[in-house]
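S.K.: Contents of protein_7.txt (compact mmCIF, C-alpha atoms and all ligand atoms) are given next:
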```
# COMPACT_ATOMS: atom_id res chain seq x y z
CA GLU A 1 109.91 125.03 250.72
CA SER A 2 106.12 124.84 250.62
CA ASP A 3 106.19 127.49 247.91
CA GLU A 4 108.24 125.34 245.68
CA ILE A 5 106.32 122.16 246.27
CA GLY A 6 102.90 123.80 246.55
CA ILE A 7 100.03 122.64 248.67
CA PRO A 8 97.89 119.73 247.54
CA ILE A 9 94.95 120.77 245.43
CA ARG A 10 91.78 121.50 247.34
CA ALA A 11 88.82 123.78 246.96
CA ASN A 12 88.25 126.99 248.82
CA LEU A 13 84.74 126.04 249.81
CA SER A 14 83.63 129.57 250.46
CA SER A 15 84.67 130.65 246.96
CA CYS A 16 81.74 129.11 245.05
CA HIS A 17 80.76 131.33 242.16
CA PRO A 18 78.72 131.24 238.92
CA SER A 19 80.57 129.12 236.40
CA TYR A 20 78.38 128.11 233.45
CA PRO A 21 77.61 128.34 230.58
CA ASP A 22 79.27 131.75 230.23
CA GLY A 23 80.05 132.31 233.88
CA ASN A 24 76.50 133.50 234.54
CA SER A 25 74.84 130.46 236.08
CA SER A 26 75.64 128.76 239.30
CA CYS A 27 75.51 125.23 240.67
CA CYS A 28 76.59 126.34 244.14
CA PRO A 29 74.71 124.70 246.99
CA PRO A 30 72.09 126.81 248.79
CA TRP A 31 73.69 126.15 252.18
CA PRO A 32 76.78 127.80 253.67
CA ALA A 33 80.24 126.25 253.33
CA GLN A 34 81.01 123.81 256.12
CA GLU A 35 84.16 122.37 257.63
CA PRO A 36 84.57 118.75 256.43
CA VAL A 37 85.54 115.77 258.57
CA ASP A 38 88.11 113.21 257.44
CA PHE A 39 86.92 110.26 255.39
CA GLN A 40 86.82 106.89 257.15
CA PHE A 41 87.04 103.64 255.21
CA PRO A 42 84.02 101.38 255.39
CA HIS A 43 84.40 98.53 257.85
CA PRO A 44 86.53 95.73 256.34
CA SER A 45 83.78 93.22 257.00
CA SER A 46 80.99 95.25 255.38
CA PRO A 47 79.51 93.69 252.23
CA ILE A 48 81.30 94.18 248.93
CA ARG A 49 79.02 95.99 246.49
CA VAL A 50 79.42 94.28 243.14
CA ARG A 51 78.76 96.51 240.16
CA ARG A 52 77.39 94.48 237.27
CA PRO A 53 77.01 95.25 233.55
CA VAL A 54 73.68 96.94 232.78
CA HIS A 55 72.93 94.51 229.96
CA LEU A 56 73.15 91.47 232.25
CA VAL A 57 70.94 92.48 235.17
CA ASP A 58 67.45 91.12 235.73
CA ASP A 59 64.21 93.06 235.88
CA GLU A 60 64.08 92.89 239.64
CA TYR A 61 67.39 94.68 239.99
CA LYS A 62 66.42 97.21 237.36
CA ALA A 63 63.23 97.99 239.28
CA LYS A 64 65.18 98.39 242.50
CA TYR A 65 67.65 100.73 240.86
CA GLU A 66 64.89 102.78 239.30
CA ARG A 67 63.12 103.04 242.65
CA ALA A 68 66.26 104.34 244.36
CA VAL A 69 66.72 107.04 241.71
CA ALA A 70 63.02 107.93 241.86
CA ILE A 71 63.28 108.48 245.61
CA MET A 72 66.40 110.56 245.14
CA LYS A 73 64.58 112.75 242.63
CA GLN A 74 61.76 113.35 245.10
CA LEU A 75 63.92 114.61 247.95
CA PRO A 76 63.64 118.34 248.64
CA LEU A 77 65.87 120.46 246.43
CA ASP A 78 67.85 121.74 249.40
CA HIS A 79 68.75 118.21 250.52
CA PRO A 80 72.33 117.16 249.69
CA HIS A 81 71.08 113.73 248.59
CA ASN A 82 68.60 115.18 246.11
CA PHE A 83 69.30 113.91 242.60
CA TRP A 84 69.91 117.37 241.15
CA ARG A 85 72.21 118.35 244.01
CA GLN A 86 74.15 115.17 243.32
CA ALA A 87 74.30 116.12 239.65
CA ASP A 88 75.51 119.59 240.58
CA LEU A 89 78.59 118.07 242.22
CA HIS A 90 79.84 117.42 238.72
CA CYS A 91 79.15 121.00 237.77
CA LEU A 92 80.92 122.25 240.92
CA TYR A 93 84.14 120.40 240.30
CA CYS A 94 84.19 120.40 236.52
CA THR A 95 83.19 123.92 235.48
CA GLY A 96 85.45 125.82 237.87
CA ALA A 97 82.84 126.88 240.42
CA TYR A 98 85.43 126.82 243.20
CA SER A 99 88.76 128.53 243.40
CA GLN A 100 91.63 126.49 244.71
CA PHE A 101 92.51 126.95 248.33
CA ASN A 102 95.17 129.70 248.60
CA TYR A 103 95.17 130.43 244.87
CA SER A 104 92.97 132.40 242.54
CA THR A 105 93.14 129.53 240.04
CA GLU A 106 89.88 127.65 239.56
CA PHE A 107 89.58 124.07 240.64
CA ARG A 108 88.73 121.70 237.78
CA ILE A 109 89.25 117.98 237.84
CA HIS A 110 89.14 117.15 234.14
CA HIS A 111 92.10 116.69 231.74
CA SER A 112 94.50 115.73 234.52
CA TRP A 113 95.51 113.10 237.06
CA LEU A 114 92.51 114.15 239.20
CA PHE A 115 90.04 112.79 236.65
CA PHE A 116 89.86 109.15 237.76
CA PRO A 117 90.17 109.75 241.52
CA TRP A 118 87.51 112.45 241.66
CA HIS A 119 84.94 110.48 239.69
CA ARG A 120 85.67 107.39 241.77
CA ALA A 121 84.90 109.35 244.94
CA LEU A 122 81.73 110.81 243.43
CA LEU A 123 80.39 107.37 242.50
CA TYR A 124 81.39 105.90 245.83
CA PHE A 125 79.18 108.33 247.75
CA HIS A 126 76.40 108.35 245.16
CA GLU A 127 76.12 104.57 245.31
CA ARG A 128 75.97 104.49 249.10
CA ILE A 129 73.34 107.21 249.17
CA LEU A 130 71.15 105.32 246.69
CA GLY A 131 71.53 102.18 248.80
CA LYS A 132 70.65 104.05 251.95
CA LEU A 133 67.50 105.49 250.37
CA ILE A 134 66.15 101.98 249.80
CA GLY A 135 67.67 100.42 252.92
CA ASP A 136 70.06 98.12 251.05
CA ASP A 137 73.69 98.17 252.18
CA SER A 138 74.84 95.96 249.31
CA PHE A 139 73.26 98.13 246.62
CA ALA A 140 75.66 98.71 243.73
CA LEU A 141 75.71 100.88 240.64
CA LEU A 142 75.70 99.22 237.21
CA TYR A 143 78.27 99.69 234.50
CA TRP A 144 77.46 100.45 230.89
CA ASN A 145 79.72 97.87 229.32
CA TRP A 146 80.30 99.74 226.05
CA ASP A 147 83.66 98.06 225.61
CA HIS A 148 81.91 94.73 224.97
CA PRO A 149 79.87 94.13 221.77
CA ASP A 150 76.84 93.07 223.86
CA GLY A 151 76.90 96.40 225.69
CA MET A 152 77.56 98.74 222.78
CA ARG A 153 74.00 99.97 222.44
CA PHE A 154 72.38 102.55 224.66
CA PRO A 155 71.10 100.59 227.67
CA ALA A 156 67.31 100.27 227.36
CA MET A 157 66.93 100.33 231.13
CA PHE A 158 67.79 104.02 231.08
CA THR A 159 64.85 104.90 228.86
CA GLU A 160 62.25 104.14 231.50
CA GLY A 161 60.74 105.94 234.47
CA ALA A 162 63.10 107.89 236.69
CA LEU A 163 66.07 106.68 234.60
CA ASP A 164 64.90 108.34 231.41
CA ASP A 165 66.12 111.75 230.27
CA THR A 166 64.58 113.87 227.52
CA GLU A 167 67.89 115.55 226.61
CA ARG A 168 69.48 112.78 224.61
CA ASP A 169 70.18 112.39 220.96
CA SER A 170 67.27 110.34 219.69
CA MET A 171 69.07 109.43 216.47
CA ASP A 172 72.52 108.56 217.74
CA ILE A 173 71.33 106.38 220.57
CA GLN A 174 69.60 104.00 218.20
CA ASN A 175 72.96 102.93 216.82
CA VAL A 176 75.97 101.03 218.04
CA VAL A 177 77.89 103.53 220.15
CA ASP A 178 80.72 105.29 218.32
CA HIS A 179 83.85 105.46 220.44
CA ASN A 180 85.33 107.80 217.84
CA PHE A 181 82.29 110.06 217.75
CA HIS A 182 83.06 113.57 216.55
CA GLY A 183 79.59 114.93 215.99
CA THR A 184 78.40 113.10 212.90
CA ASP A 185 77.09 109.68 212.07
CA ARG A 186 79.74 108.09 209.86
CA GLY A 187 77.42 105.45 208.48
CA LEU A 188 79.49 102.42 209.47
CA SER A 189 77.81 99.04 209.60
CA ASP A 190 77.31 97.60 213.08
CA ARG A 191 80.14 95.17 212.50
CA GLU A 192 82.55 97.86 211.31
CA GLN A 193 81.66 100.05 214.25
CA ILE A 194 82.14 97.25 216.77
CA LEU A 195 85.55 96.34 215.34
CA GLU A 196 86.62 99.96 215.34
CA ASN A 197 85.51 100.37 218.95
CA LEU A 198 87.44 97.31 220.05
CA ALA A 199 90.57 98.50 218.26
CA LEU A 200 90.28 101.89 219.93
CA MET A 201 89.87 100.22 223.32
CA TYR A 202 93.02 98.19 222.78
CA ASN A 203 94.88 101.33 221.86
CA GLN A 204 93.61 103.38 224.84
CA MET A 205 94.11 100.61 227.41
CA VAL A 206 97.20 98.83 226.15
CA SER A 207 99.29 100.28 223.37
CA SER A 208 99.18 104.01 224.08
CA PRO A 209 99.40 104.49 227.87
CA LYS A 210 102.97 103.39 228.34
CA GLN A 211 103.43 105.76 231.27
CA PRO A 212 100.97 106.58 234.04
CA GLU A 213 100.39 110.16 232.93
CA LEU A 214 99.33 109.01 229.48
CA PHE A 215 96.56 106.97 231.05
CA MET A 216 95.72 109.11 234.07
CA GLY A 217 96.24 112.57 232.57
CA CYS A 218 98.94 115.11 233.17
CA LYS A 219 100.29 116.11 236.56
CA LEU A 220 98.28 119.16 237.50
CA ARG A 221 100.07 121.15 240.23
CA SER A 222 98.15 123.40 242.58
CA GLY A 223 97.94 126.99 241.39
CA ASP A 224 98.88 126.09 237.80
CA GLU A 225 96.75 127.75 235.21
CA GLY A 226 96.72 126.03 231.85
CA LYS A 227 100.16 124.43 232.16
CA CYS A 228 98.90 120.91 232.40
CA LYS A 229 97.79 119.84 228.97
CA GLY A 230 97.29 116.17 228.42
CA THR A 231 94.07 114.30 228.79
CA GLY A 232 94.40 110.61 229.61
CA THR A 233 93.71 108.11 226.84
CA ILE A 234 90.42 106.78 228.20
CA GLU A 235 89.24 110.20 229.29
CA SER A 236 89.57 111.55 225.78
CA ALA A 237 87.93 108.50 224.17
CA PRO A 238 85.65 106.69 224.78
CA HIS A 239 84.85 108.91 227.78
CA ASN A 240 84.41 112.25 226.05
CA THR A 241 83.13 110.80 222.81
CA VAL A 242 80.41 108.73 224.47
CA HIS A 243 79.33 111.76 226.51
CA ARG A 244 78.78 113.75 223.33
CA TRP A 245 77.21 110.85 221.47
CA VAL A 246 74.50 110.57 224.15
CA GLY A 247 73.79 114.30 224.47
CA SER A 248 71.25 115.92 222.15
CA ARG A 249 72.42 117.58 218.92
CA ASP A 250 69.49 119.98 219.30
CA ASN A 251 71.07 121.62 222.34
CA PRO A 252 73.82 124.26 222.23
CA VAL A 253 76.53 122.10 223.84
CA ARG A 254 74.85 118.73 223.47
CA GLU A 255 73.21 118.80 226.88
CA ASN A 256 72.70 116.85 228.96
CA MET A 257 75.54 114.37 228.64
CA GLY A 258 77.63 116.54 226.34
CA ALA A 259 78.38 119.33 228.83
CA PHE A 260 80.14 119.45 232.18
CA TYR A 261 77.43 121.39 233.95
CA SER A 262 74.58 119.13 232.84
CA SER A 263 75.95 115.61 232.35
CA GLY A 264 75.04 114.49 235.88
CA PHE A 265 71.39 115.25 235.13
CA ASP A 266 71.23 112.16 232.95
CA PRO A 267 70.99 109.02 235.10
CA VAL A 268 73.07 107.10 232.54
CA PHE A 269 76.02 109.29 233.60
CA TYR A 270 76.56 107.06 236.65
CA SER A 271 76.71 103.90 234.54
CA HIS A 272 78.95 105.53 231.97
CA HIS A 273 81.29 106.53 234.76
CA SER A 274 81.09 103.16 236.47
CA ASN A 275 82.55 101.74 233.29
CA ILE A 276 85.25 104.41 233.22
CA ASP A 277 86.05 103.60 236.84
CA ARG A 278 86.09 99.90 236.08
CA LEU A 279 88.63 100.50 233.30
CA TRP A 280 90.86 102.34 235.77
CA ALA A 281 90.57 99.40 238.19
CA LEU A 282 91.44 97.01 235.34
CA TRP A 283 94.39 99.09 234.32
CA GLN A 284 95.58 99.11 237.93
CA ARG A 285 95.27 95.34 237.98
CA MET A 286 97.16 95.01 234.70
CA ARG A 287 100.04 96.91 236.37
CA ASP A 288 99.88 94.78 239.55
CA ASN A 289 98.54 97.79 241.45
CA GLU A 290 101.79 99.66 241.20
CA LEU A 291 101.20 103.17 242.56
CA GLU A 292 100.49 105.53 239.65
CA PHE A 293 102.35 108.53 241.09
CA ASP A 294 104.41 108.56 244.25
CA ASP A 295 103.74 112.24 244.63
CA GLU A 296 102.45 113.88 247.81
CA MET A 297 100.65 116.64 245.97
CA TRP A 298 98.57 114.11 244.09
CA LEU A 299 98.05 111.73 247.00
CA ASN A 300 96.94 114.50 249.33
CA SER A 301 94.75 116.43 246.94
CA GLU A 302 91.24 116.37 248.34
CA PHE A 303 87.58 116.62 247.45
CA THR A 304 84.50 117.05 249.62
CA PHE A 305 81.18 115.19 249.50
CA TYR A 306 78.17 114.49 251.70
CA ASP A 307 78.19 110.82 252.59
CA GLU A 308 75.15 108.58 253.02
CA ASN A 309 74.85 109.70 256.66
CA LEU A 310 74.87 113.38 255.72
CA GLN A 311 78.36 113.87 257.09
CA PHE A 312 80.37 116.33 255.05
CA VAL A 313 83.65 114.53 254.39
CA ARG A 314 87.02 115.27 252.87
CA ILE A 315 88.39 112.41 250.82
CA ARG A 316 91.90 112.37 249.44
CA VAL A 317 93.27 110.84 246.28
CA ARG A 318 95.21 108.37 248.47
CA ASP A 319 91.88 107.13 249.88
CA VAL A 320 90.47 106.04 246.54
CA LEU A 321 93.34 104.06 245.08
CA SER A 322 92.01 100.64 246.05
CA ILE A 323 88.43 99.65 245.31
CA SER A 324 88.56 96.70 247.68
CA LYS A 325 89.33 99.06 250.56
CA LEU A 326 86.28 101.02 249.47
CA ARG A 327 84.30 97.74 249.61
CA TYR A 328 83.08 97.54 246.07
CA GLY A 329 84.09 95.64 242.98
CA TYR A 330 83.19 94.85 239.39
CA GLN A 331 81.77 91.67 238.03
CA ASP A 332 84.39 90.28 235.66
CA ILE A 333 83.42 89.92 232.05
CA GLU A 334 85.44 88.91 228.96
CA LEU A 335 87.56 91.69 227.49
CA PRO A 336 87.22 91.20 223.72
CA TRP A 337 89.36 94.27 223.03
CA LEU A 338 92.37 92.47 224.47
CA ASP A 339 92.42 90.51 221.21
CA ALA A 340 91.84 93.55 219.04
CA ARG A 341 95.48 94.40 218.62
CA PRO A 342 95.76 95.99 215.20
CU1 LIG B 1 83.46 114.65 234.85
CU2 LIG B 1 82.32 112.08 232.34
O1 LIG B 1 82.89 113.63 233.21
```
Please, can you express the file's structure as C-alpha cells?
Ligand code: C2O
M.R.:
Amino acid sequence: ESDEIGIPIRANLSSCHPSYPDGNSSCCPPWPAQEPVDFQFPHPSSPIRVRRPVHLVDDEYKAKYERAVAIMKQLPLDHPHNFWRQADLHCLYCTGAYSQFNYSTEFRIHHSWLFFPWHRALLYFHERILGKLIGDDSFALLYWNWDHPDGMRFPAMFTEGALDDTERDSMDIQNVVDHNFHGTDRGLSDREQILENLALMYNQMVSSPKQPELFMGCKLRSGDEGKCKGTGTIESAPHNTVHRWVGSRDNPVRENMGAFYSSGFDPVFYSHHSNIDRLWALWQRMRDNELEFDDEMWLNSEFTFYDENLQFVRIRVRDVLSISKLRYGYQDIELPWLDARP
C-alpha cells in the first residue's frame, strides 16, 4: 500500500551534496545533520505580527528593520541565524542539495504545490529570528507591494545599509517593475507598464487559476522525477519575472535575485516573498479558506528549519495553511488589479 501511495516528501538530511551552479558548489551547512523536533504553533495569545507594505512604513520602522538585518549579517558564519546561512536555506531546498528521504530523487520545492508552503515556512522562521535579534516579539517582515501602482518601483529602503545588495540590475530597477519581464526593457511608458501589470495580476489571481493546481502548482509526488510539470500562475509571473528583473544582467544567471542559489543573498528577497505569501493568503480568503488539496502526501510533506530559539524543527505543509494560526497577518490595502479585468 505505502508503495502505491508513497511517503510524504521530506529530505534525507544526511544526503546534502554540492548542487550549484553545475553541481560543483555547495550550500550545505557546516554542522552535522540533526534529528528535528515537531513544530509547535505559537501561543494563541501571542501578538499578531502585521506585515505592512514597504512603501508605507515610516523611517523608524525602516531603521529597526535594517538594524535587525545588520545584526544577522554580523553573526558568526557557522551560526544558523547568520544571514548567509538563512539565505542558503533557499539554495538547499531549491537547487536539489538534498535527496528525498527513501528515494534517490532530489528534493526541490519549486514548480509544484510545495512552492507556497515552503516559502511561507521559511519566512515564518526568518521573521521570528529577526525579531529575536532585536528583542521585539511583534517584529514583522514588510511586503513589496508590486501589485499596487504605488509599490511598483524598487523599494528605496532596500538600497541602504545592510539592506543594500551590489548584485542588482542598476538599469532595470530604475523603472516601473515589469511583471512580464523576459530579459529586455520593452520601453513601455510608466502608465502602459502599470496597466499591463494590473491586467497580468488579474489574470494570475482570478481568471486563470480555476483549479487549485493552476494556482498552487502541480501535484508533485514523492520519488517522481520530472513528471510534475506545471508552475502555478503567480509563481511563474510575477514571481519569477520580478526575480530576474532585480538580478544583474552582468552576471551569468542574473545573480543575486535571478538564481535559486543566490536569491536569498539579496535582502529584498524576503519582501518579494512576503508579497507572494500575501497573495496566497488572499487567494485562500477569496476561496473561503477551502482546503487546496485534501491529500495526505501534500499535507504531511515536511521541511526543516532552525527556529528563533535554535531548535531544529520539522514543519509540515498542514502546519502552514493558516496564517492566523501562525500569528501573523498582512495589512490590507486596495487591490486595484481586481478592477483590471480585460
Ligand atoms: Cu524559492 Cu522566489 O523563490
S.K.: For Val50 of chain A, which residue out of A:Thr241, A:Gln204, A:Ser104, A:Ser138 is the nearest one, using only C-alpha atoms?
M.R.: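 Closest candidate: A:Ser138.
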S.K.: To check your reading of the model: which residues sit at most 8 Å from ligand LIG 1 (chain B) when counting all atoms listed in the file? Write the answer as a PyMOL selection string.
M.R.: chain A and resi 90+93-94+109-110+115+119+235+239-240+243+260+263+269+272-273
S.K.: Pull the closest atom pair for each residue of segment 169-223 of chain A that gets at most 12 Å from segment 314-335 of chain A, along with the distance in Å to one decimal, counting all atoms listed in the file, ordering rows by chain and then ascending residue number, as a tab-separated table.
M.R.:
```
residue	atom	partner	partner_atom	distance
A:Leu198	CA	A:Leu335	CA	9.3
A:Ala199	CA	A:Leu335	CA	11.9
A:Met201	CA	A:Leu335	CA	9.8
A:Tyr202	CA	A:Leu335	CA	9.7
A:Met205	CA	A:Leu335	CA	11.1
```
S.K.: With all atoms listed in the file as the atoms that count, which of A:Leu133, A:Met152, A:Ala121, A:Val37 lies nearest to Leu75 of chain A?
M.R.: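 Selected residue with least distance to Leu75 of chain A: A:Leu133.
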S.K.: List every protein, DNA or RNA residue with an atom no more than 12 Å from (82.9, 129.1, 252.6) in the file's coordinates, counting all atoms listed in the file, and format the result as a list in words.
M.R.: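 The residues that fall inside the cut-off are Ala11, Asn12, Leu13, Ser14, Ser15, Cys16, His17, Cys28, Pro29, Pro30, Trp31, Pro32, Ala33, Gln34, Glu35, Pro36, Tyr98, Ser99 and Phe101 of chain A.
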S.K.: Atom CA of Asp295 of chain A and atom CA of Pro212 of chain A are how many Å apart?
M.R.: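 Between atom CA of Asp295 of chain A and atom CA of Pro212 of chain A the gap works out to 12.3 Å.
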S.K.: Find the spatial neighbours of Glu308 of chain A, counting all atoms listed in the file, within a cut-off of 8 Å - ignore same-chain residues fewer than 5 positions away - and output them as a list in words.
M.R.: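 Skipping anything fewer than 5 positions along the chain leaves His81, Phe125, His126, Arg128, Ile129 and Lys132 of chain A.
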S.K.: Nearest residue to Arg341 of chain A out of A:Thr105, A:Thr233, A:Asn145, A:Ser208, using all atoms listed in the file?
M.R.: A:Ser208
S.K.: One decimal, in Å: what's the spacing between atom CA of Asp169 of chain A and atom CA of Ser19 of chain A?
M.R.: 25.0 Å
